[in-house]
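To start, the structure under review is shown below, and the notes come after it.
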Amino acid sequence: MGLQGQIIPYKNGEKEEDDDERAGKEISSFPPPPPLHSKFAVVGYALTSKKIKSFLKPKLEGLARNKGILFVAIDQNRPLSDQGPFDIVLHKLTGKEWRQILEDYRRTHPEVTVLDPPDAIQHLHNRQSMLQCVADMNLSNSYGKVGIPKQLVIKKDASSIPGAVAKAGLMLPIVAKPLVADGSAKSHELSLAYDQQSLQKLEPPLVLQEFVNHGGVMFKVYIVGETIKVVRRFSLPDVCKRELSNIAGVFRFPRVSCAAASADNADLDPGVAELPPRPLLEKLARELCHRLGLRLFNLDIIREHGTRDRFYVIDINYFPGYGKMPEYEHIFTDFLLSLVQNQYKKKST
Ligand SMILES: Nc1ncnc2c1ncn2[C@@H]1O[C@H](COP(=O)(O)OP(=O)(O)OP(=O)(O)O)[C@@H](O)[C@H]1O
Ligand SMILES: O=P(O)(O)O[C@H]1[C@H](O)[C@@H](O)[C@H](OP(=O)(O)O)[C@@H](OP(=O)(O)O)[C@H]1O
Ligand SMILES: [Mg+2]
Ligand SMILES: [Mg+2]
């Protein structure tokens with residue numbers, strides 16, 4: 001633990017004789033910080049301002065503080081080793097330089113849990129490698145079958161796309177996704193192509209994916225360590241054969257999964273609304289955590305319309321919008337607590 005090796009939740013008025021080595025460090029401003037000499041587990045965070053706003057809400061900070069966890073902003077202009085000491089580093093920043101800083105820090109501070117390792121996160125920044133684990137897993141049991149849509153990577157030369165699609169046997173319509181998925185606005189600019197010729201209008205590098213009809217509803221599976229939570233979201237509507245033969249062109253679509261309202265309380269066809277079986281999701285999540293080496297991510301999964309148990313994972317996101325996950329404040333606090341308790345156990349054995 002960052003200070004004295006034991007978590008003692010902060011209580012108003014508590015006084016101790018410890019040093020104030022954290023004095024002058026930038027700490028989160030709301031709720032009011034406790035005295036710097038308290039025995040807290042310290043979570044250093046390096047997040048975008050957007051992420052701070054959606055994730056580090058007063059309720060989370062308050063709950064965590066009551067359980068002895070303090071969030072402290074990392075100053076990116078100063079060496080990480082000069083800050084803290086941290087018990088956990090929580091981050092979602094991109095860039096080679098930041099990755100290197102974190103890798104060096106992990107090497108020199110093996111006692112600190114970095115959520116998550118930069119090279120493991122990097123795996124999700126490419127939409128091809130992102131889904132490879134799911135394909136390799138080939139999950140199929142009595143609860144259902146989980147795969148990925150048929151897909152093809154186009155690195156360059158848009159004019160080659162119609163031929164490449166025909167050769168690979170991909171069926172229209174096709175979802176075109178930027179190959180890089182680094183959280184930038186551009187990486188979320190997706191399009192739907194209805195006919196073969198229009199595919200030339202797309203801009204590689206891309207992943208082309210068969211569009212799978214799924215009744216206009218998808219499931220977001222949020223993972224925080226060993227906890228999983230599933231929510232329904234509205235998604236793109238099905239494309240019927242008649243529509244496909246009457247429409248040509250490429251249509252850009254916005255960030256559906258983000259913009260779309262929750263479909264949890266909507267009046268839906270039960271066959272579409274039914275959540276994927278819990279044991280199937282648990283198996284998938286556990287295995288993905290292991291294979292990806294990540295603890296904080298979500299996945300978008302759809303059920304092929306007209307089937308009960310045929311599922312496709314279409315997207316995996318690192319440190320997603322947990323602010324939209326029910327009860328995330330409690331789940332996250334308990335998760336962080338379990339990490340520091342494990343660190344403490346390790347140290348004392
Ligand atoms: N293969 C597919 N078949 C059917 N619908 C799809 C497919 N791929 C994507 N979609 C739809 O497009 C949406 C956006 O796709 P995707 O989740 O891959 O993009 P993203 O920009 O990475 O999203 P996020 O905001 O979750 O990171 C999905 O939520 C789903 O509605
Ligand atoms: O929770 P879902 O619906 O999957 O959507 C998330 C995206 O997948 C994330 O990529 C967003 O985070 P970043 O904008 O930090 O990449 C994340 O941004 P947020 O944390 O600001 O809400 C969400 O938009
Ligand atoms: Mg998505
Ligand atoms: Mg995504």
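Here's how to read the names in the structure tokens: chain A, B, ... by the order shown, residue numbers from 1 in each chain, ligand numbers from 1 in the order shown.
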- prompt: Pro117 in chain A: which residues within 9 Å, counting only C-alpha atoms, same-chain residues fewer than 6 positions away excluded, as a list of chain:residue names?
  reply: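 Residues meeting the cut-off are A:Arg99, A:Leu102, A:Glu103, A:Arg106, A:Gly293, A:Leu294.
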task: Would you return as an MDAnalysis selection string the members of range 25-248 of chain A that DSSP assigns to helix (DSSP H, G or I) on this structure's backbone?
output: chainID A and resid 49:55 58:66 80:82 96:108 118:125 127:137 158:168 186:188 197:201 241:246
message: Show me which residues line ligand 1, defined as having an atom within 8 Å of a ligand atom where only C-alpha atoms and all ligand atoms count, and present them as a PyMOL selection string.
response: chain A and resi 148-149+174-175+177+181+183+187-190+209-214+216-218+234-236+253-258+299-300+302+312+314-317+320
Output file for the residues above (C-alpha atoms, as a PDB file, in the first residue's frame):
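Result written to out.pdb:
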ATOM      1  CA  ILE A 148     -17.088 -13.058 -35.092  1.00  0.00           C
ATOM      2  CA  PRO A 149     -18.612 -11.872 -38.379  1.00  0.00           C
ATOM      3  CA  ILE A 174     -20.837  -4.764 -45.407  1.00  0.00           C
ATOM      4  CA  VAL A 175     -19.803  -2.682 -42.416  1.00  0.00           C
ATOM      5  CA  LYS A 177     -14.576   0.110 -39.921  1.00  0.00           C
ATOM      6  CA  ALA A 181      -9.448   1.736 -33.069  1.00  0.00           C
ATOM      7  CA  GLY A 183     -10.536   6.031 -29.407  1.00  0.00           C
ATOM      8  CA  SER A 187     -11.621   5.558 -35.555  1.00  0.00           C
ATOM      9  CA  HIS A 188     -15.368   5.536 -34.871  1.00  0.00           C
ATOM     10  CA  GLU A 189     -16.358   6.661 -38.397  1.00  0.00           C
ATOM     11  CA  LEU A 190     -18.103   3.581 -39.713  1.00  0.00           C
ATOM     12  CA  GLN A 209     -17.268  -7.043 -41.841  1.00  0.00           C
ATOM     13  CA  GLU A 210     -20.415  -8.784 -42.941  1.00  0.00           C
ATOM     14  CA  PHE A 211     -23.419  -7.032 -41.479  1.00  0.00           C
ATOM     15  CA  VAL A 212     -25.284  -9.497 -39.282  1.00  0.00           C
ATOM     16  CA  ASN A 213     -29.018  -8.869 -38.830  1.00  0.00           C
ATOM     17  CA  HIS A 214     -29.709  -8.826 -35.101  1.00  0.00           C
ATOM     18  CA  GLY A 216     -31.762  -3.745 -33.909  1.00  0.00           C
ATOM     19  CA  VAL A 217     -30.619  -4.515 -30.376  1.00  0.00           C
ATOM     20  CA  MET A 218     -27.152  -5.352 -29.129  1.00  0.00           C
ATOM     21  CA  PHE A 234     -30.408   0.032 -29.626  1.00  0.00           C
ATOM     22  CA  SER A 235     -28.349  -0.760 -32.658  1.00  0.00           C
ATOM     23  CA  LEU A 236     -28.579  -0.602 -36.461  1.00  0.00           C
ATOM     24  CA  PHE A 253     -23.291   6.123 -39.659  1.00  0.00           C
ATOM     25  CA  PRO A 254     -22.495   7.784 -36.358  1.00  0.00           C
ATOM     26  CA  ARG A 255     -21.397   6.108 -33.130  1.00  0.00           C
ATOM     27  CA  VAL A 256     -24.576   4.101 -32.741  1.00  0.00           C
ATOM     28  CA  SER A 257     -23.579   2.275 -29.597  1.00  0.00           C
ATOM     29  CA  CYS A 258     -22.717   5.497 -27.845  1.00  0.00           C
ATOM     30  CA  LEU A 299     -17.582  -6.119 -25.610  1.00  0.00           C
ATOM     31  CA  ASP A 300     -20.434  -5.567 -28.029  1.00  0.00           C
ATOM     32  CA  ILE A 302     -25.223  -9.401 -31.089  1.00  0.00           C
ATOM     33  CA  TYR A 312     -21.215 -12.546 -32.714  1.00  0.00           C
ATOM     34  CA  ILE A 314     -18.366  -7.163 -33.084  1.00  0.00           C
ATOM     35  CA  ASP A 315     -16.301  -4.815 -30.921  1.00  0.00           C
ATOM     36  CA  ILE A 316     -14.112  -4.780 -27.805  1.00  0.00           C
ATOM     37  CA  ASN A 317     -13.249  -1.507 -26.052  1.00  0.00           C
ATOM     38  CA  PRO A 320     -15.164   1.914 -21.897  1.00  0.00           C
TER      39      PRO A 320
END
task: Find the residues near ligand 2. Use a cut-off of 7 Å, count only C-alpha atoms and all ligand atoms, and write them as an MDAnalysis selection string.
output: chainID A and resid 48 50:51 54:55 92 183:184 220 257:258 298 317:324
Let's have the selection written as a compact mmCIF listing (two decimals), in the first residue's frame, with all heavy atoms.
# COMPACT_ATOMS: atom_id res chain seq x y z
N THR A 48 -8.25 11.09 -19.91
CA THR A 48 -8.61 12.30 -20.64
C THR A 48 -9.66 13.07 -19.83
O THR A 48 -10.33 12.48 -18.96
CB THR A 48 -9.25 11.95 -22.00
OG1 THR A 48 -10.37 11.09 -21.74
CG2 THR A 48 -8.26 11.22 -22.89
N LYS A 50 -12.44 14.05 -20.79
CA LYS A 50 -13.76 13.46 -21.09
C LYS A 50 -13.99 12.25 -20.19
O LYS A 50 -15.07 12.06 -19.63
CB LYS A 50 -13.79 13.07 -22.57
CG LYS A 50 -15.02 12.33 -23.01
CD LYS A 50 -14.98 12.13 -24.51
CE LYS A 50 -15.98 11.10 -24.97
NZ LYS A 50 -15.48 9.72 -24.88
N LYS A 51 -12.95 11.45 -20.04
CA LYS A 51 -13.08 10.24 -19.22
C LYS A 51 -13.22 10.58 -17.74
O LYS A 51 -13.97 9.94 -17.01
CB LYS A 51 -11.86 9.35 -19.47
CG LYS A 51 -11.95 7.96 -18.92
CD LYS A 51 -13.12 7.18 -19.44
CE LYS A 51 -12.83 6.29 -20.58
NZ LYS A 51 -14.02 5.65 -21.17
N SER A 54 -16.83 11.51 -17.24
CA SER A 54 -17.83 10.45 -17.30
C SER A 54 -17.60 9.36 -16.25
O SER A 54 -18.53 8.64 -15.90
CB SER A 54 -17.84 9.82 -18.70
OG SER A 54 -16.66 9.09 -18.93
N PHE A 55 -16.37 9.25 -15.76
CA PHE A 55 -16.05 8.12 -14.88
C PHE A 55 -15.81 8.54 -13.42
O PHE A 55 -16.38 7.98 -12.48
CB PHE A 55 -14.81 7.40 -15.43
CG PHE A 55 -14.23 6.37 -14.50
CD1 PHE A 55 -14.86 5.15 -14.33
CD2 PHE A 55 -13.07 6.63 -13.79
CE1 PHE A 55 -14.33 4.20 -13.47
CE2 PHE A 55 -12.54 5.70 -12.92
CZ PHE A 55 -13.18 4.48 -12.76
N LYS A 92 -6.01 5.68 -19.30
CA LYS A 92 -6.48 5.50 -20.67
C LYS A 92 -5.97 6.69 -21.48
O LYS A 92 -6.67 7.67 -21.69
CB LYS A 92 -7.99 5.41 -20.76
CG LYS A 92 -8.42 5.08 -22.20
CD LYS A 92 -9.86 4.75 -22.41
CE LYS A 92 -10.12 4.43 -23.87
NZ LYS A 92 -11.49 4.04 -24.16
N GLY A 183 -9.69 5.14 -30.20
CA GLY A 183 -10.54 6.03 -29.41
C GLY A 183 -10.69 7.40 -30.05
O GLY A 183 -11.50 8.21 -29.59
N SER A 184 -9.96 7.66 -31.13
CA SER A 184 -10.09 8.97 -31.79
C SER A 184 -11.44 9.02 -32.50
O SER A 184 -12.03 7.97 -32.82
CB SER A 184 -8.97 9.16 -32.81
OG SER A 184 -9.05 8.17 -33.80
N LYS A 220 -24.20 -4.90 -24.51
CA LYS A 220 -22.88 -4.42 -24.08
C LYS A 220 -22.53 -5.18 -22.83
O LYS A 220 -23.26 -5.13 -21.84
CB LYS A 220 -22.94 -2.93 -23.74
CG LYS A 220 -22.99 -2.04 -24.93
CD LYS A 220 -21.84 -1.02 -24.93
CE LYS A 220 -21.73 -0.40 -26.30
NZ LYS A 220 -20.38 -0.23 -26.75
N SER A 257 -23.54 2.89 -30.92
CA SER A 257 -23.58 2.27 -29.60
C SER A 257 -23.49 3.32 -28.50
O SER A 257 -23.98 3.14 -27.40
CB SER A 257 -22.43 1.29 -29.44
OG SER A 257 -21.22 1.97 -29.29
N CYS A 258 -22.88 4.43 -28.83
CA CYS A 258 -22.72 5.50 -27.85
C CYS A 258 -23.93 6.40 -27.80
O CYS A 258 -24.44 6.76 -26.75
CB CYS A 258 -21.54 6.34 -28.28
SG CYS A 258 -20.24 6.28 -27.16
N ASN A 298 -15.06 -3.68 -22.34
CA ASN A 298 -16.39 -4.20 -22.62
C ASN A 298 -16.41 -4.78 -24.02
O ASN A 298 -15.49 -4.56 -24.81
CB ASN A 298 -17.50 -3.17 -22.41
CG ASN A 298 -17.60 -2.10 -23.47
OD1 ASN A 298 -16.84 -2.08 -24.42
ND2 ASN A 298 -18.55 -1.18 -23.31
N ASN A 317 -13.78 -2.83 -26.39
CA ASN A 317 -13.25 -1.51 -26.05
C ASN A 317 -12.52 -1.55 -24.72
O ASN A 317 -13.05 -2.07 -23.73
CB ASN A 317 -14.39 -0.49 -25.91
CG ASN A 317 -15.22 -0.41 -27.18
OD1 ASN A 317 -14.72 -0.01 -28.21
ND2 ASN A 317 -16.47 -0.84 -27.09
N TYR A 318 -11.33 -0.94 -24.69
CA TYR A 318 -10.62 -0.84 -23.43
C TYR A 318 -11.17 0.32 -22.60
O TYR A 318 -11.46 1.39 -23.13
CB TYR A 318 -9.10 -0.64 -23.65
CG TYR A 318 -8.43 -0.58 -22.30
CD1 TYR A 318 -8.47 -1.71 -21.49
CD2 TYR A 318 -7.89 0.59 -21.81
CE1 TYR A 318 -7.96 -1.67 -20.21
CE2 TYR A 318 -7.37 0.63 -20.53
CZ TYR A 318 -7.42 -0.49 -19.74
OH TYR A 318 -6.94 -0.45 -18.47
N PHE A 319 -11.29 0.12 -21.29
CA PHE A 319 -11.78 1.14 -20.35
C PHE A 319 -12.92 1.95 -20.97
O PHE A 319 -12.78 3.12 -21.28
CB PHE A 319 -10.63 2.08 -19.95
CG PHE A 319 -10.86 2.78 -18.64
CD1 PHE A 319 -9.77 3.05 -17.82
CD2 PHE A 319 -12.12 3.18 -18.23
CE1 PHE A 319 -9.95 3.70 -16.60
CE2 PHE A 319 -12.32 3.83 -17.02
CZ PHE A 319 -11.24 4.09 -16.21
N PRO A 320 -14.05 1.27 -21.20
CA PRO A 320 -15.16 1.91 -21.90
C PRO A 320 -15.90 2.90 -20.98
O PRO A 320 -15.39 3.26 -19.92
CB PRO A 320 -16.04 0.72 -22.25
CG PRO A 320 -15.81 -0.24 -21.15
CD PRO A 320 -14.38 -0.08 -20.73
N GLY A 321 -17.08 3.29 -21.42
CA GLY A 321 -17.85 4.26 -20.64
C GLY A 321 -18.53 3.61 -19.44
O GLY A 321 -19.74 3.38 -19.44
N TYR A 322 -17.74 3.35 -18.40
CA TYR A 322 -18.30 2.68 -17.21
C TYR A 322 -19.39 3.51 -16.55
O TYR A 322 -20.21 2.98 -15.80
CB TYR A 322 -17.20 2.36 -16.20
CG TYR A 322 -16.34 1.18 -16.60
CD1 TYR A 322 -14.99 1.34 -16.86
CD2 TYR A 322 -16.90 -0.09 -16.73
CE1 TYR A 322 -14.20 0.25 -17.22
CE2 TYR A 322 -16.12 -1.17 -17.10
CZ TYR A 322 -14.78 -1.00 -17.34
OH TYR A 322 -14.02 -2.08 -17.72
N GLY A 323 -19.36 4.82 -16.82
CA GLY A 323 -20.40 5.70 -16.26
C GLY A 323 -21.80 5.23 -16.65
O GLY A 323 -22.78 5.55 -15.98
N LYS A 324 -21.88 4.44 -17.74
CA LYS A 324 -23.20 3.97 -18.20
C LYS A 324 -23.49 2.55 -17.70
O LYS A 324 -24.50 1.96 -18.05
CB LYS A 324 -23.23 3.99 -19.73
CG LYS A 324 -23.30 5.38 -20.32
CD LYS A 324 -23.10 5.35 -21.82
CE LYS A 324 -21.84 6.08 -22.21
NZ LYS A 324 -21.28 5.65 -23.48
query: When DSSP works through the backbone of this structure, what residues of range 234-281 of chain A end up as strand (DSSP E), shown as a list in words?
result: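 Listing strand (DSSP E) positions across range 234-281 of chain A yields Phe234, Val250, Phe251, Arg252 and Phe253 of chain A.
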Written file, previous selection with all heavy atoms, as a tab-separated table (two decimals), in the first residue's frame:
chain	number	residue	atom	x	y	z
A	234	PHE	N	-29.90	0.05	-28.25
A	234	PHE	CA	-30.41	0.03	-29.63
A	234	PHE	C	-29.23	0.04	-30.57
A	234	PHE	O	-28.17	0.60	-30.26
A	234	PHE	CB	-31.34	1.22	-29.88
A	234	PHE	CG	-32.69	1.03	-29.26
A	234	PHE	CD1	-33.10	1.81	-28.19
A	234	PHE	CD2	-33.53	0.04	-29.74
A	234	PHE	CE1	-34.34	1.61	-27.60
A	234	PHE	CE2	-34.77	-0.17	-29.16
A	234	PHE	CZ	-35.18	0.61	-28.09
A	250	VAL	N	-22.82	3.93	-50.27
A	250	VAL	CA	-22.14	3.77	-48.98
A	250	VAL	C	-22.74	4.81	-48.03
A	250	VAL	O	-22.82	5.97	-48.37
A	250	VAL	CB	-20.62	4.02	-49.13
A	250	VAL	CG1	-19.96	4.17	-47.77
A	250	VAL	CG2	-19.97	2.89	-49.89
A	251	PHE	N	-23.16	4.37	-46.88
A	251	PHE	CA	-23.78	5.29	-45.91
A	251	PHE	C	-22.98	5.34	-44.63
A	251	PHE	O	-22.75	4.31	-43.99
A	251	PHE	CB	-25.23	4.85	-45.63
A	251	PHE	CG	-26.08	4.86	-46.86
A	251	PHE	CD1	-26.12	3.76	-47.71
A	251	PHE	CD2	-26.79	6.00	-47.21
A	251	PHE	CE1	-26.86	3.77	-48.87
A	251	PHE	CE2	-27.56	6.03	-48.38
A	251	PHE	CZ	-27.59	4.91	-49.22
A	252	ARG	N	-22.55	6.53	-44.32
A	252	ARG	CA	-21.81	6.68	-43.06
A	252	ARG	C	-22.79	6.66	-41.91
A	252	ARG	O	-23.89	7.18	-42.05
A	252	ARG	CB	-21.07	8.02	-43.06
A	252	ARG	CG	-20.01	8.06	-44.09
A	252	ARG	CD	-19.16	9.31	-44.02
A	252	ARG	NE	-18.37	9.41	-45.24
A	252	ARG	CZ	-17.34	8.63	-45.53
A	252	ARG	NH1	-16.94	7.70	-44.69
A	252	ARG	NH2	-16.68	8.76	-46.67
A	253	PHE	N	-22.40	6.04	-40.82
A	253	PHE	CA	-23.29	6.12	-39.66
A	253	PHE	C	-22.51	6.53	-38.41
A	253	PHE	O	-21.33	6.22	-38.29
A	253	PHE	CB	-24.12	4.85	-39.46
A	253	PHE	CG	-23.36	3.59	-39.23
A	253	PHE	CD1	-22.99	3.18	-37.95
A	253	PHE	CD2	-23.03	2.76	-40.30
A	253	PHE	CE1	-22.32	2.00	-37.74
A	253	PHE	CE2	-22.35	1.57	-40.10
A	253	PHE	CZ	-21.99	1.19	-38.81
task: Point out the residue among A:Ala248, A:Cys240, A:Leu199, A:Ala185 with the least atom-to-atom distance to ligand 4, counting only C-alpha atoms and all ligand atoms.
output: A:Ala185
Range 270-280 of chain A surroundings by only C-alpha atoms, 7 Å radius, close-in-sequence under 2 positions cut, as a CSV table (one decimal) with C-alpha atoms, in the first residue's frame:
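Dumped everything to around21.csv:
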chain,number,residue,atom,x,y,z
A,143,TYR,CA,-25.7,-22.4,-24.1
A,144,GLY,CA,-24.8,-21.2,-27.6
A,215,GLY,CA,-33.1,-7.2,-34.6
A,217,VAL,CA,-30.6,-4.5,-30.4
A,268,LEU,CA,-39.0,-5.4,-27.5
A,282,GLU,CA,-19.1,-15.7,-18.0
A,283,LYS,CA,-17.1,-18.3,-19.9
A,284,LEU,CA,-16.5,-15.7,-22.7
field: Two-atom distance - CA of Thr113 in chain A, CA of Ala135 in chain A (Å)
entry: 29.0 Å
Residue neighbourhood Leu80 in chain A, 10 Å, only C-alpha atoms, exclusion window fewer than 6 positions, as a PyMOL selection string: chain A and resi 44+74+86+89+101-102+104-105
Test item: residues at most 7 Å from Val207 in chain A, only C-alpha atoms, excluding those fewer than 6 positions along its chain, as an MDAnalysis selection string: chainID A and resid 127:128 151:154 176:179
message: Set the distance at 9 Å and use only C-alpha atoms: which residues neighbour Met137 in chain A once local chain neighbours fewer than 6 positions away are removed? I'd like the list as JSON, numbers by chain.
response: {"A": [146, 147, 284, 287, 288]}
Resulting file, chosen residues, C-alpha atoms, as a tab-separated table (two decimals), in the first residue's frame:
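Saved as selection-v8.tsv:
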chain	number	residue	atom	x	y	z
A	146	VAL	CA	-19.95	-17.27	-30.10
A	147	GLY	CA	-17.99	-16.16	-33.14
A	284	LEU	CA	-16.48	-15.74	-22.73
A	287	GLU	CA	-11.46	-16.52	-21.19
A	288	LEU	CA	-11.06	-13.10	-22.81
- prompt: Nearest to Gln83 in chain A among A:Leu70, A:Glu61, A:Val42, A:Asp238, with distances taken over only C-alpha atoms: which residue is it?
  reply: A:Val42
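Considering only C-alpha atoms and all ligand atoms, the residue among A:Phe219, A:Trp98, A:Phe40, A:Phe332 positioned nearest to ligand 3 is A:Phe219.
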